[in-house]
Structures are given as structure tokens and as C-alpha cells.
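So the structure is just underneath, and the comments pick up after that.
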Amino acid sequence: MFGYVRYDLPNLFVKDYLLYQALYCGLCRSIGAACGQRARFGLTYDVTFLSALLHNMTGTDIRIERRHCAEHCIRKRPIAAVDELTKELGALNTALAYQKYSDDIRDGGRGRAARAWFKKGYRRAKQQYPAMVALVEEYVAAQEAAERARVASLDAAAEPTAELMRKLSVHFLKERSSAASQELFYAIGKWVYLIDALDDYDKDRKKGRYNPFFLVYGSESRERLVADNGEEVEFLFDTLFYSMREGLRDISFSFNRDLTDNVILRGIPLETQRIIKGLPPQNLERTVRVVR
């Protein structure tokens, strides 16, 4: 995953903002517990969101502690306690970070030093969670094969990443997995791949790298692509938003779902519009909405 899964801060209640921050810090500690301290530098918003979603869907309680950490060493802050779910998610975070830098190297870019930084953590992830890491490796290889074949189809290009997310949902949810949960995770995975490809359109075109949007539309820039084919591109993403909403509708949650609904129903569409319009990233540290 690539850091695009974010919340809509102006419409996020304080209670959910604080929960998200606690989960973010808790995932950081869990990465250290599962894969070592170096691996903590790969911490992402995306896997933090998965922590919120999977804790809720599996009915796993989140225990909040007030602790110091390396970054916040003066004042204690609320941090979600390490549990088995977050440890495995920490291993997933490390595996995805390692594979991201491997992909950068395959594309002819820099990344060897960064990948070496995560090598030991990746090895620990494989030792502790072989089934989960095997899924990541299988579908990263399938994604690489699709890109090497230069498939000129947006659906086919995004299929390996979408299918990886679906398989991961089955892996983590086990008997709680359902058609609805698989639809939700599949749509999120497909969205992540396509929004990353759209965001990198100009960079990929300049460097001659694979990008399915360029093969389908052939526009000279992302701005030209949106100007000429904006309605078609927006319809593509609207179908994914619909799948996400359909999946959410039939999923049973154990706890309050305000945070995950904010991310899926508001944050993801807003991030899509930001990239389509070519705007800078959202500032996640603005004032949050106060519950009254």
C-alpha cells in the first residue's frame, strides 16, 4: 500500500482522532515487537487504517495505555497496547515496505539502501508469519508479471493488488470473512493501485515506466488526461466507491464504526479528488471537529 488511505480530518470527531493516533503509535510499537526497531521507519497510514478496521471486524478489544516513546519522550501519550493482531499487521507493514523498495529497484530507481534497512525485519516477518508473507510475495510477483507484460487494461493491471487485499482479508478475518468483507477489501486494493498509478502518471511517462493509464489513454500529461477523459476516470473510481459502500452495508462491526466510515466514505473519495485535480496532500494535523 502507498499512503493514500487517510481520514477526512474536518469531519473526524475528537474521539476518533484520538483513537486513530493511539492505533498509529500502537502499530509503531507492534512493528518493533514483530520485526525490530529499524522496521518502525516504514510505518504507514494505510496499515493503521487496517488495524482500526480489523480490530472492529474481529471484535478484538483495543486497550489504550499512556506511555512514553522515542519520539514523545517528555510527555506520555495514549498508545494502543501491542496484541497479536497488531504484531501481524506490523509484519505486514514491514513486508509491504520491503516489497515497495524492491519495486523501486526493478523500475530502475533508488531504493537499495532503503530495502537493505528493512531486510532483517522482513526476514523476521517471514519467520513468524510465513502464510501472510507468502500471500504478499505471491501477489507482488503477479503484479510484477502484469506490469512486465504491459497489460493495457486498468482492471487487469489492478487485479493482483485487489486480489492480494481480498486474500489478506480472508487470512485475518478467518471464520468472520464474508462475501461483503471480501468485496470491501478487493475494492480498496483496486483503488490503491489505480490511484497510485494516476498520481504517478507524469513521473512514469517521463521515465518511460509502466503506467496503465498511459497505455489506455496515451495523454501527454495527467492534466490533459483529466481534461479529455475526466468523466470516464471519475466513473471508474465511482464504481469502486459503490463497491466499498455495498461491502460496508453488509458487514457486522463489533464497536463504533465512525472512524472507519470516515476513512472509507469520506477520506478515500476526497483523496481521489485531490489527485484528479493535482492538489497537494491533505494536512492531517489541522484542528479536528469537537464533539458537543
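Following the order of the C-alpha cells, chains are lettered A, B, ..., residues in each are numbered from 1, and ligands are numbered from 1.
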
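Summary of the local environment: counting only C-alpha atoms, residues at most 8 Å from A:Leu173, other than itself and those fewer than 3 positions away along its chain, are Leu54, Met57, Thr58, Ser169, Val170, Arg176 and Ser177 of chain A.
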
Surrounding residues of A:Asn56 excluding itself and chain neighbours under 4 positions, 10 Å, only C-alpha atoms, as an MDAnalysis selection string:
chainID A and resid 50:52 60:62 252:257 260

Using only C-alpha atoms, pick whichever of A:Gly267, A:Pro10, A:Gly26, A:Gly3 has the shortest atom-to-atom distance to A:His68.
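Checking each candidate against A:His68, we get A:Gly26 as the closest.
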
Length of the atom CA of A:Ile268 to atom CA of A:Val5 vector [Å]
6.2 Å

Residues of stretch 67-265 of chain A in strand (DSSP E) according to DSSP, as a list in words?
Arg67, Arg77, Pro78, Ile79 and Ala80 of chain A

Using N, CA and C atoms, can you write the selected residues to a file as a PDB file, in the first residue's frame?
```
ATOM      1  N   ARG A  67       1.886   6.020  27.657  1.00  0.00           N
ATOM      2  CA  ARG A  67       3.283   5.607  27.673  1.00  0.00           C
ATOM      3  C   ARG A  67       4.152   6.676  27.023  1.00  0.00           C
ATOM      4  N   ARG A  77       1.690   9.659  26.147  1.00  0.00           N
ATOM      5  CA  ARG A  77       0.580   9.824  25.224  1.00  0.00           C
ATOM      6  C   ARG A  77      -0.194   8.523  25.135  1.00  0.00           C
ATOM      7  N   PRO A  78      -1.473   8.589  24.756  1.00  0.00           N
ATOM      8  CA  PRO A  78      -2.260   7.358  24.627  1.00  0.00           C
ATOM      9  C   PRO A  78      -1.733   6.490  23.475  1.00  0.00           C
ATOM     10  N   ILE A  79      -1.445   5.237  23.769  1.00  0.00           N
ATOM     11  CA  ILE A  79      -0.918   4.306  22.770  1.00  0.00           C
ATOM     12  C   ILE A  79      -1.671   2.988  22.895  1.00  0.00           C
ATOM     13  N   ALA A  80      -2.117   2.447  21.773  1.00  0.00           N
ATOM     14  CA  ALA A  80      -2.792   1.151  21.781  1.00  0.00           C
ATOM     15  C   ALA A  80      -1.789   0.061  22.149  1.00  0.00           C
TER      16      ALA A  80
END
```

What's the 12 Å shell around A:Arg110, counting only C-alpha atoms, without same-chain residues fewer than 6 positions away, as a PyMOL selection string?
chain A and resi 100-104+116

For A:Val216, find every residue with an atom within 9 Å (counting only C-alpha atoms), except residues of its own chain fewer than 2 positions away, and show them as a ChimeraX atom specification.
/A:152-154,211-214,218-219
